[in-house]
Amino acid sequence: MRLRCDLPPALKYQAVIIENAARAAGLDFFDVVFELLDAKDVNGVAAYGGFPVRHPSWRFGMEYERLEKGRQWGLSKIYELVINNDPTYAYLVRSNSLMEQKLVMAHVYGHADFFKHNLWFAPTERKMLDVMANHSTRVRRYVDAFGLEEVEQFLDRVLSLDTLIDPFLPRREQGHAPEARSTYTPPSQRALRMLDSLSSPPLAAPPKDGASVAASELAVEPRRARLPSYDVLGFLEDSAPLEAWQRDLVHLARAEAYYFAPQRMTKIMNEGWASYWHSKLLTGGILEPSEVLDFADCHSAATYAAPGQLNPYKLGLALFRYAERRGEDLFQLRRVHNDVSLVHKLVDEEFALEFLQPLLPKPQAGEAQAAPDWRALKSGLLQQLAWGGLPQIELVECDADGRGELLFVHHHDGRDLQLARAQDTLLNVAALWKRPVQLLTLLEKQGKKLLAKGAEVSVLDSPEAEARCGAGDGDPRRPVRREAS
Amino acid sequence: MFRIEADRARFREIVRGRIRADLRRYLSTGELIGRAGEHAVSIPLPQIELPRFVFGENPRGKGGKGEGDGEPGEGEAAAGEGGGAAGSQAGGHILEVEVELDELAEMLGQELELPHIEPRGVKELASEGGRYNGVRATGPDSLRQFRRSFKNALRRTLASGLYDPRAPRIVPVREDFRFRMRKACPAPESSAVVFHMMDVSGSMGREQKEIVRIKAFWIDTWLRSQYKNLAVVYVVHDAVARIVDQHTFFHLRESGGTKISSAYELCLKQIQERYRPEDWNIYPFHYSDGDNWSARDTELCISMLRDEILPRVNQFCYGQVKSAHGSGQFKKDLDGALGDEEILVTACVNDRGDVPEAIKAFLGKGR
């Protein structure tokens with residue numbers, strides 16, 4: 001509850017009321033710090049993904065430009081912005097009405113509870129605000145040392161690979177790791193560890209004994225030994241022939257990618273949970289009678305979806321309400337599931353026909369559309385959500401053909417890769433690995449091998465790909481996933 | 001939001017192609033569809049997408065396409081989602097808007113490599129507000145500076161041996177008081193006046209007027225970006241000249257004969273009465289198709305320029321548009337009579353493509 005003195009008294013008062021109501025309803029969260037900002041500044045923070053300080057990058061400028069133009073022309077506006085951190089930071093927009101602020105606060109407490117208790121968020125960095133600022137400092141230092149162009153170009157290259165991570169990895173590793181927090185460590189040691197983690201990896205000096213930097217976070221065997229793996233960034237960080245500063249940039253991009261990964265995996269649940277609670281809390285006595293209509297208007301605007309459009313607020317809210325009707329334990333659901341598993345568990349015929357059918361594109365006039373099978377609707381949605389909506393690409397060998405080439409396999413689920421982009425991405429991998437890189441995939445059911453060598457990508461026929469990339473029959477396969485034993 | 005502005009500037013530089021040419025191929029010229037009054041307007045929104053492994057466009061995958069838009073961790077409830085209603089109204093006209101003129105002027109400056117116009121020796125001393133950063137011994141109570149006053153009193157008490165640490169009592173007297181004093185900060189300022197004189201006579205066709213307006217617009221925009229304190233006088237003339245406002249200047253449609261001297265007379269009168277050269281940088285621009293009413297009038301113009309106007313101004317620019325009816329004689333006459341005057345710049349514009357060159361000719365000298 002620090003910093004809350006920033007809020008004007010009226011909002012502070014509401015924040016306390018809503019927090020008490022949320023706790024009474026069973027929600028549990030880290031301290032929530034609200035910051036009141038102007039719409040323009042909120043856009044600035046939103047462009048940085050909610051963080052006040054990020055490393056310099058034109059990408060944030062681009063996002064800011066988009067948000068700003070949307071705001072200036074009155075096309076879109078951001079209501080709320082909350083980041084997974086301890087304490088949880090949330091931003092309120094000054095121009096919103098008091099009713100909207102209440103709604104946002106209740107919504108934020110829902111998110112804050114979700115961040116704290118959902119299993120997939122458990123391994124995330126909870127001091128991300130500091131980590132991001134630290135990343136920023138490091139990148140700026142490299143910029144000073146090596147030049148903006150050079151650093152930026154390398155970072156762009158790495159960021160084009162930031163989807164090549166294994167979203168299930170942190171959870172598995174957390175399962176293995178001994179519970180380090182339970183043993184008492186004297187403050188001096190904690191401070192030392194803190195310092196270590198801030199300077200990881202050390203720029204020039206070799207790590208001193210007992211204060212090994214790399215080991216502080218993930219004390220595991222070298223990743224090279226653990227192929228095949230989806231954690232391509234981790235592999236490159238460990239094994240690619242890179243300069244120290246480049247390795248650090250990979251490390252940094254990977255840390256940020258893993259921090260954001262659970263949010264992609266639980267977008268629907270997260271928004272659904274927050275929406276469920278804002279409507280429950282606000283209509284449970286917090287709204288003034290005069291505000292009810294405005295609230296209904298605002299709430300339904302947020303949970304509206306045009307036909308053919310997936311609105312995570314709407315779908316998530318429907319899922320939780322449906323679960324409530326079926327007598328499920330909501331708190332349990334929000335703890336153990338992600339979007340895929342929740343949809344898998346909850347969606348049945350009744351739900352699918354009511355909520356999933358509108359997701360289909362509108363049938364053309366005159367075209368008779370057969371009533372879709374609810375199972376098809378469900379599996380369509382699942383396919384869309386699986387693996388964060390991204391192609392599953394696995395690194396299977398780091399010494400393919402005995403020539404030190406990387407070999408990737410795209411686990412094909414009926415959807416082809418966008419070829420031009422895949423080629424460019426592959427070139428970026430090759431640039432980091434400094435050796436040729438191969439990708440096996442299917443294009444229009446034909447096995448293909450993409451070989452990135454030098455500055456060119458050649459596309460070759462490959463019977464091997466047909467065997468290794470899995471079903472090409474249009475049958476969406478469940479993601480191939482190795483479970484933690 | 002200083003940092004984000006720096007990132008934004010970097011992004012714009014990339015979009016303009018000044019840096020990071022490697023990213024150019026990922027650039028797409030997106031747009032937002034906005035609404036201004038009755039019209040739909042297209043707001044340009046260039047986006048650069050780094051290559052990633054993504055699904056392509058093969059329709060066999062079932063399930064609707066719904067983009068989980070938005071940065072993770074951000075709940076963005078857009079009241080009216082962008083993307084526009086897909087309703088297919090026939091011929092919905094979309095206007096293009098470009099929002100920031102300042103930025104355009106800056107781009108113009110970079111593209112044409114214009115030197116910044118140096119203010120001529122004339123400086124106008126303008127005191128802007130001033131600041132309370134001085135001290136004096138007299139003044140109103142509202143400006144009393146407590147700390148200094150108290151210090152003085154304390155010092156005097158100590159020096160006179162009256163100070164008793166057990167009962168520290170300081171009684172200030174009149175001489176102890178100090179007051180804040182306002183000091184004027186003279187800021188040298190350069191002021192400039194621009195005369196845009198346009199021939200709107202009947203011989204100027206629609207296209208000619210359009211070209212002139214484009215040119216005047218850019219010059220106007222550029223000069224406004226260079227001077228804080230810029231006065232612009234718009235003059236239109238056919239057989240008589242008159243001063244109009246900016247909107248009229250850019251939208252007026254007229255016809256009639258041509259008497260260029262009328263405009264020069266008016267300009268000169270303004271210079272003498274309102275914009276004296278001691279205080280102002282003066283930039284007259286004149287646009288015409290070069291078809292003057294009579295040779296006598298042209299002579300009058302030339303003598304007026306040589307004797308009255310040119311000695312008073314920084315630079316006089318004459319831009320001539322080629323027209324079907326026009327003889328283009330005026331430029332020849334000017335060049336012939338005043339060709340050795342450095343202050344006089346003439347340029348010829350045949351079509352729209354020549355506009356940048358003409359602007360460069362006018363402003364490139366940095367006079």
# chains A, B, ... in the order shown; residues from 1 in each chain; ligands from 1
$ residues_around --residues "His237 (chain B)" --least-positions-apart "2" --cutoff "12 Å" --atoms "only C-alpha atoms" --output "JSON, numbers by chain"
{"B": [196, 197, 198, 199, 200, 201, 202, 204, 234, 235, 239, 240, 241, 242, 243, 244, 249, 252, 253, 254, 255, 256, 257, 258, 259, 260, 261, 262, 263, 264, 265, 266, 267, 286, 287, 288, 292]}
$ write_last_selection --atoms "N, CA, C and O atoms" --output "compact mmCIF listing (two decimals), in the first residue's frame"
# COMPACT_ATOMS: atom_id res chain seq x y z
N HIS B 196 3.53 36.87 -49.19
CA HIS B 196 3.19 35.99 -50.30
C HIS B 196 2.30 36.78 -51.24
O HIS B 196 1.19 37.15 -50.87
N MET B 197 2.80 37.02 -52.43
CA MET B 197 1.98 37.75 -53.39
C MET B 197 1.64 36.81 -54.52
O MET B 197 2.53 36.18 -55.10
N MET B 198 0.37 36.70 -54.78
CA MET B 198 -0.02 35.76 -55.82
C MET B 198 -0.88 36.45 -56.87
O MET B 198 -1.79 37.22 -56.56
N ASP B 199 -0.54 36.11 -58.08
CA ASP B 199 -1.30 36.58 -59.22
C ASP B 199 -2.52 35.68 -59.38
O ASP B 199 -2.39 34.47 -59.55
N VAL B 200 -3.70 36.25 -59.24
CA VAL B 200 -4.89 35.41 -59.39
C VAL B 200 -5.68 35.81 -60.63
O VAL B 200 -6.88 35.60 -60.71
N SER B 201 -4.98 36.41 -61.56
CA SER B 201 -5.69 36.93 -62.74
C SER B 201 -6.20 35.79 -63.61
O SER B 201 -5.86 34.63 -63.40
N GLY B 202 -6.97 36.14 -64.57
CA GLY B 202 -7.62 35.15 -65.42
C GLY B 202 -6.65 34.28 -66.19
O GLY B 202 -6.95 33.13 -66.50
N MET B 204 -4.07 32.95 -65.14
CA MET B 204 -3.61 31.84 -64.30
C MET B 204 -4.70 30.77 -64.29
O MET B 204 -5.77 30.97 -63.74
N TYR B 234 -0.47 37.93 -46.71
CA TYR B 234 -0.90 37.33 -47.96
C TYR B 234 -1.51 38.39 -48.86
O TYR B 234 -2.41 39.11 -48.44
N VAL B 235 -0.99 38.44 -50.03
CA VAL B 235 -1.49 39.44 -50.96
C VAL B 235 -1.94 38.75 -52.24
O VAL B 235 -1.21 37.91 -52.78
N ALA B 239 -5.66 43.16 -61.24
CA ALA B 239 -5.30 44.52 -61.62
C ALA B 239 -5.12 45.39 -60.38
O ALA B 239 -4.44 46.40 -60.41
N VAL B 240 -5.74 44.98 -59.30
CA VAL B 240 -5.49 45.66 -58.04
C VAL B 240 -5.06 44.62 -57.01
O VAL B 240 -5.35 43.43 -57.17
N ALA B 241 -4.39 45.08 -55.99
CA ALA B 241 -3.89 44.14 -54.98
C ALA B 241 -4.63 44.36 -53.68
O ALA B 241 -5.06 45.46 -53.38
N ARG B 242 -4.79 43.28 -52.95
CA ARG B 242 -5.34 43.45 -51.60
C ARG B 242 -4.79 42.37 -50.68
O ARG B 242 -4.35 41.32 -51.13
N ILE B 243 -4.87 42.70 -49.42
CA ILE B 243 -4.36 41.78 -48.41
C ILE B 243 -5.49 40.86 -47.99
O ILE B 243 -6.61 41.31 -47.74
N VAL B 244 -5.21 39.56 -47.93
CA VAL B 244 -6.25 38.61 -47.54
C VAL B 244 -5.71 37.75 -46.41
O VAL B 244 -4.53 37.81 -46.05
N PHE B 249 -6.31 33.15 -49.14
CA PHE B 249 -5.18 33.06 -50.06
C PHE B 249 -5.11 31.68 -50.72
O PHE B 249 -4.87 31.56 -51.91
N LEU B 252 -8.83 31.19 -52.80
CA LEU B 252 -9.49 32.18 -53.64
C LEU B 252 -9.49 31.80 -55.12
O LEU B 252 -8.53 31.24 -55.63
N ARG B 253 -10.57 32.11 -55.76
CA ARG B 253 -10.64 31.90 -57.21
C ARG B 253 -11.06 33.23 -57.81
O ARG B 253 -12.08 33.77 -57.45
N GLU B 254 -10.26 33.76 -58.69
CA GLU B 254 -10.63 35.07 -59.23
C GLU B 254 -10.18 35.17 -60.67
O GLU B 254 -9.49 34.31 -61.19
N SER B 255 -10.55 36.24 -61.26
CA SER B 255 -10.07 36.46 -62.62
C SER B 255 -10.01 37.96 -62.86
O SER B 255 -10.52 38.75 -62.07
N GLY B 256 -9.39 38.32 -63.91
CA GLY B 256 -9.26 39.74 -64.18
C GLY B 256 -7.94 40.00 -64.86
O GLY B 256 -7.22 39.07 -65.24
N GLY B 257 -7.62 41.24 -65.02
CA GLY B 257 -6.37 41.59 -65.67
C GLY B 257 -5.20 41.45 -64.72
O GLY B 257 -5.34 40.97 -63.60
N THR B 258 -4.04 41.84 -65.18
CA THR B 258 -2.85 41.71 -64.34
C THR B 258 -2.09 43.01 -64.30
O THR B 258 -1.73 43.56 -65.34
N LYS B 259 -1.88 43.48 -63.09
CA LYS B 259 -1.02 44.63 -62.94
C LYS B 259 -0.11 44.35 -61.76
O LYS B 259 -0.51 44.51 -60.60
N ILE B 260 1.07 43.86 -62.09
CA ILE B 260 1.94 43.38 -61.02
C ILE B 260 2.36 44.53 -60.10
O ILE B 260 2.52 44.37 -58.90
N SER B 261 2.51 45.70 -60.67
CA SER B 261 2.99 46.80 -59.85
C SER B 261 2.06 47.07 -58.67
O SER B 261 2.49 47.53 -57.62
N SER B 262 0.78 46.73 -58.85
CA SER B 262 -0.16 46.99 -57.75
C SER B 262 0.26 46.21 -56.52
O SER B 262 0.21 46.72 -55.39
N ALA B 263 0.70 44.96 -56.73
CA ALA B 263 1.11 44.14 -55.59
C ALA B 263 2.38 44.71 -54.98
O ALA B 263 2.51 44.79 -53.75
N TYR B 264 3.32 45.11 -55.82
CA TYR B 264 4.58 45.62 -55.29
C TYR B 264 4.37 46.91 -54.51
O TYR B 264 5.01 47.15 -53.48
N GLU B 265 3.44 47.68 -55.01
CA GLU B 265 3.13 48.92 -54.31
C GLU B 265 2.61 48.65 -52.91
O GLU B 265 3.04 49.24 -51.94
N LEU B 266 1.70 47.70 -52.89
CA LEU B 266 1.10 47.36 -51.60
C LEU B 266 2.16 46.82 -50.65
O LEU B 266 2.21 47.17 -49.46
N CYS B 267 3.01 45.98 -51.20
CA CYS B 267 4.08 45.38 -50.40
C CYS B 267 4.99 46.47 -49.85
O CYS B 267 5.33 46.49 -48.67
N HIS B 286 6.82 36.32 -54.74
CA HIS B 286 5.79 36.68 -55.71
C HIS B 286 5.64 35.55 -56.70
O HIS B 286 6.61 35.01 -57.22
N TYR B 287 4.41 35.14 -56.92
CA TYR B 287 4.15 34.05 -57.85
C TYR B 287 3.23 34.55 -58.95
O TYR B 287 2.21 35.18 -58.67
N SER B 288 3.60 34.24 -60.16
CA SER B 288 2.78 34.73 -61.26
C SER B 288 3.06 33.86 -62.48
O SER B 288 3.95 33.02 -62.47
N ASN B 292 2.31 40.13 -67.67
CA ASN B 292 1.91 41.42 -67.11
C ASN B 292 1.08 42.18 -68.14
O ASN B 292 1.10 41.90 -69.34
$ residues_around --residues "Pro52 (chain A)" --least-positions-apart "4" --cutoff "9 Å" --atoms "only C-alpha atoms" --output "PDB file with all heavy atoms, in the first residue's frame"
ATOM      1  N   GLY A  44       2.332   6.038 -23.037  1.00  0.00           N
ATOM      2  CA  GLY A  44       3.774   5.849 -22.956  1.00  0.00           C
ATOM      3  C   GLY A  44       4.121   4.605 -22.168  1.00  0.00           C
ATOM      4  O   GLY A  44       4.945   3.793 -22.579  1.00  0.00           O
ATOM      5  N   VAL A  45       3.456   4.452 -21.032  1.00  0.00           N
ATOM      6  CA  VAL A  45       3.727   3.285 -20.199  1.00  0.00           C
ATOM      7  C   VAL A  45       3.228   2.013 -20.886  1.00  0.00           C
ATOM      8  O   VAL A  45       3.895   0.976 -20.874  1.00  0.00           O
ATOM      9  CB  VAL A  45       3.057   3.461 -18.819  1.00  0.00           C
ATOM     10  CG1 VAL A  45       3.234   2.212 -17.991  1.00  0.00           C
ATOM     11  CG2 VAL A  45       3.641   4.642 -18.091  1.00  0.00           C
ATOM     12  N   ALA A  46       2.075   2.117 -21.533  1.00  0.00           N
ATOM     13  CA  ALA A  46       1.519   0.939 -22.203  1.00  0.00           C
ATOM     14  C   ALA A  46       2.430   0.488 -23.334  1.00  0.00           C
ATOM     15  O   ALA A  46       2.592  -0.709 -23.571  1.00  0.00           O
ATOM     16  CB  ALA A  46       0.128   1.242 -22.746  1.00  0.00           C
ATOM     17  N   TYR A  48       5.479   0.537 -23.323  1.00  0.00           N
ATOM     18  CA  TYR A  48       6.547  -0.231 -22.687  1.00  0.00           C
ATOM     19  C   TYR A  48       6.000  -1.497 -22.015  1.00  0.00           C
ATOM     20  O   TYR A  48       6.657  -2.064 -21.156  1.00  0.00           O
ATOM     21  CB  TYR A  48       7.254   0.616 -21.634  1.00  0.00           C
ATOM     22  CG  TYR A  48       8.249   1.607 -22.192  1.00  0.00           C
ATOM     23  CD1 TYR A  48       8.339   2.891 -21.692  1.00  0.00           C
ATOM     24  CD2 TYR A  48       9.114   1.234 -23.207  1.00  0.00           C
ATOM     25  CE1 TYR A  48       9.258   3.795 -22.196  1.00  0.00           C
ATOM     26  CE2 TYR A  48      10.034   2.129 -23.712  1.00  0.00           C
ATOM     27  CZ  TYR A  48      10.105   3.398 -23.211  1.00  0.00           C
ATOM     28  OH  TYR A  48      11.017   4.285 -23.715  1.00  0.00           O
ATOM     29  N   LEU A 129       9.786  -5.079 -12.390  1.00  0.00           N
ATOM     30  CA  LEU A 129       9.979  -3.638 -12.556  1.00  0.00           C
ATOM     31  C   LEU A 129      11.469  -3.301 -12.446  1.00  0.00           C
ATOM     32  O   LEU A 129      12.028  -2.590 -13.266  1.00  0.00           O
ATOM     33  CB  LEU A 129       9.195  -2.912 -11.463  1.00  0.00           C
ATOM     34  CG  LEU A 129       8.648  -1.554 -11.807  1.00  0.00           C
ATOM     35  CD1 LEU A 129       7.555  -1.674 -12.827  1.00  0.00           C
ATOM     36  CD2 LEU A 129       8.136  -0.885 -10.545  1.00  0.00           C
ATOM     37  N   MET A 132      13.498  -4.968 -15.370  1.00  0.00           N
ATOM     38  CA  MET A 132      13.380  -4.225 -16.622  1.00  0.00           C
ATOM     39  C   MET A 132      14.266  -2.984 -16.597  1.00  0.00           C
ATOM     40  O   MET A 132      14.938  -2.665 -17.581  1.00  0.00           O
ATOM     41  CB  MET A 132      11.929  -3.790 -16.853  1.00  0.00           C
ATOM     42  CG  MET A 132      11.020  -4.915 -17.265  1.00  0.00           C
ATOM     43  SD  MET A 132      11.415  -5.552 -18.879  1.00  0.00           S
ATOM     44  CE  MET A 132       9.995  -6.597 -19.191  1.00  0.00           C
ATOM     45  N   ALA A 133      14.264  -2.292 -15.471  1.00  0.00           N
ATOM     46  CA  ALA A 133      15.098  -1.092 -15.366  1.00  0.00           C
ATOM     47  C   ALA A 133      16.560  -1.482 -15.500  1.00  0.00           C
ATOM     48  O   ALA A 133      17.354  -0.798 -16.159  1.00  0.00           O
ATOM     49  CB  ALA A 133      14.848  -0.399 -14.037  1.00  0.00           C
TER      50      ALA A 133
ATOM     51  N   MET B   1       7.646  11.766 -20.186  1.00  0.00           N
ATOM     52  CA  MET B   1       7.830  10.605 -21.070  1.00  0.00           C
ATOM     53  C   MET B   1       8.960  10.865 -22.044  1.00  0.00           C
ATOM     54  O   MET B   1       8.794  10.819 -23.248  1.00  0.00           O
ATOM     55  CB  MET B   1       6.528  10.351 -21.842  1.00  0.00           C
ATOM     56  CG  MET B   1       5.466   9.714 -21.007  1.00  0.00           C
ATOM     57  SD  MET B   1       5.955   8.089 -20.449  1.00  0.00           S
ATOM     58  CE  MET B   1       5.590   8.217 -18.728  1.00  0.00           C
TER      59      MET B   1
END
$ select_by_dssp --residues "region 160-265 of chain B" --states "alpha helix (DSSP H)" --output "ChimeraX atom specification"
/B:206-226,246-251,260-265
$ residues_around --residues "Arg334 (chain A)" --least-positions-apart "5" --cutoff "9 Å" --atoms "only C-alpha atoms" --output "PyMOL selection string"
chain A and resi 114+117-119+269-270+273+329+342
$ write_last_selection --atoms "N, CA and C atoms" --output "compact mmCIF listing (two decimals), in the first residue's frame"
# COMPACT_ATOMS: atom_id res chain seq x y z
N PHE A 114 -5.00 -13.16 -9.74
CA PHE A 114 -4.64 -14.17 -10.74
C PHE A 114 -3.12 -14.29 -10.86
N HIS A 117 -1.75 -16.23 -7.92
CA HIS A 117 -2.12 -17.61 -7.63
C HIS A 117 -2.13 -18.55 -8.81
N ASN A 118 -2.18 -18.03 -10.01
CA ASN A 118 -2.17 -18.98 -11.12
C ASN A 118 -0.81 -19.67 -11.21
N LEU A 119 -0.88 -20.98 -11.41
CA LEU A 119 0.34 -21.79 -11.41
C LEU A 119 1.35 -21.34 -12.46
N MET A 269 -8.31 -16.53 -19.62
CA MET A 269 -8.62 -16.76 -18.20
C MET A 269 -8.42 -15.51 -17.38
N ASN A 270 -7.27 -14.85 -17.65
CA ASN A 270 -6.89 -13.70 -16.86
C ASN A 270 -7.94 -12.59 -17.00
N TRP A 273 -11.28 -13.79 -15.48
CA TRP A 273 -11.27 -13.75 -14.01
C TRP A 273 -11.45 -12.31 -13.52
N ASP A 329 -15.26 -25.33 -8.46
CA ASP A 329 -14.54 -24.45 -7.54
C ASP A 329 -13.74 -23.45 -8.36
N LEU A 342 -8.31 -24.98 -19.65
CA LEU A 342 -9.62 -24.57 -19.15
C LEU A 342 -10.70 -24.79 -20.22
$ atom_distance --atom1 "CA of Asp166 (chain A)" --atom2 "CA of Leu249 (chain A)"
18.5 Å
$ residues_around --residues "region 170-179 of chain B" --least-positions-apart "4" --cutoff "9 Å" --atoms "only C-alpha atoms" --output "VMD selection string"
chain B and resid 134 to 154 156 to 157 163
$ write_last_selection --atoms "C-alpha atoms" --output "PDB file, in the first residue's frame"
ATOM      1  CA  GLY B 134      17.737  39.527  -7.791  1.00  0.00           C
ATOM      2  CA  VAL B 135      17.763  41.015  -4.326  1.00  0.00           C
ATOM      3  CA  ARG B 136      17.358  44.545  -3.140  1.00  0.00           C
ATOM      4  CA  ALA B 137      16.909  46.393   0.098  1.00  0.00           C
ATOM      5  CA  THR B 138      13.501  47.831  -0.506  1.00  0.00           C
ATOM      6  CA  GLY B 139      10.311  46.360  -1.763  1.00  0.00           C
ATOM      7  CA  PRO B 140       6.814  45.295  -0.890  1.00  0.00           C
ATOM      8  CA  ASP B 141       6.215  42.845   1.921  1.00  0.00           C
ATOM      9  CA  SER B 142       4.872  40.278  -0.427  1.00  0.00           C
ATOM     10  CA  LEU B 143       8.307  39.954  -1.965  1.00  0.00           C
ATOM     11  CA  ARG B 144      10.232  39.858   1.289  1.00  0.00           C
ATOM     12  CA  GLN B 145      12.840  37.179   1.336  1.00  0.00           C
ATOM     13  CA  PHE B 146      12.704  35.715   4.781  1.00  0.00           C
ATOM     14  CA  ARG B 147      15.906  33.745   4.819  1.00  0.00           C
ATOM     15  CA  ARG B 148      18.186  36.597   3.850  1.00  0.00           C
ATOM     16  CA  SER B 149      16.347  39.033   6.033  1.00  0.00           C
ATOM     17  CA  PHE B 150      16.705  36.734   8.993  1.00  0.00           C
ATOM     18  CA  LYS B 151      20.362  36.096   8.285  1.00  0.00           C
ATOM     19  CA  ASN B 152      21.078  39.770   8.185  1.00  0.00           C
ATOM     20  CA  ALA B 153      19.247  40.310  11.425  1.00  0.00           C
ATOM     21  CA  LEU B 154      21.082  37.414  13.039  1.00  0.00           C
ATOM     22  CA  ARG B 156      23.757  42.120  13.118  1.00  0.00           C
ATOM     23  CA  THR B 157      22.595  40.797  16.462  1.00  0.00           C
ATOM     24  CA  TYR B 163      22.720  37.606  21.012  1.00  0.00           C
TER      25      TYR B 163
END
$ atom_distance --atom1 "CA of Arg24 (chain B)" --atom2 "CA of Arg254 (chain A)"
25.4 Å
$ residues_around --residues "Leu440 (chain A)" --least-positions-apart "6" --cutoff "10 Å" --atoms "only C-alpha atoms" --output "list in words"
Ile393, Glu394, Leu407, Phe408, Val409, His410, His411, His412, Gly447, Lys448, Lys449, Leu450, Leu451, Val459, Leu460, Asp461, Ser462, Pro463, Glu464, Ala465, Glu466, Ala467, Arg468 and Cys469 of chain A
$ residues_around --residues "region 221-233 of chain B" --least-positions-apart "3" --cutoff "6 Å" --atoms "only C-alpha atoms" --output "PDB file with C-alpha atoms, in the first residue's frame"
ATOM      1  CA  ALA B 105       8.669  21.085 -42.399  1.00  0.00           C
ATOM      2  CA  SER B 191      11.402  38.574 -36.363  1.00  0.00           C
ATOM      3  CA  ALA B 192      10.597  38.003 -39.922  1.00  0.00           C
ATOM      4  CA  VAL B 193       7.820  38.945 -42.212  1.00  0.00           C
ATOM      5  CA  VAL B 194       6.903  37.054 -45.316  1.00  0.00           C
ATOM      6  CA  PHE B 195       4.909  38.498 -48.125  1.00  0.00           C
ATOM      7  CA  TRP B 218       5.624  24.705 -48.355  1.00  0.00           C
TER       8      TRP B 218
END
$ closest_residue --among "A:Val457, A:Val343, A:Ala10, A:Val108" --to "chain B" --atoms "only C-alpha atoms"
A:Val108
$ closest_residue --among "B:Ala21, B:Ser203, B:Leu50, B:Val349" --to "chain A" --atoms "only C-alpha atoms"
B:Leu50
$ select_by_dssp --residues "region 148-309 of chain B" --states "strand (DSSP E)" --output "PyMOL selection string"
chain B and resi 179-183+186-189+191-199+229-237+241-244+281-288
$ residues_around --residues "His55 (chain A)" --least-positions-apart "6" --cutoff "12 Å" --atoms "only C-alpha atoms" --output "PyMOL selection string"
(chain A and resi 47-49+61+131-143+148+151-152+155+249+252-253+256) or (chain B and resi 3-4+6-7)
$ closest_residue --among "A:Gln263, A:Gln446, A:Asn43, A:Gln246" --to "chain B" --atoms "only C-alpha atoms"
A:Gln263
$ atom_distance --atom1 "CA of Phe295 (chain A)" --atom2 "CA of Ile83 (chain A)"
24.0 Å
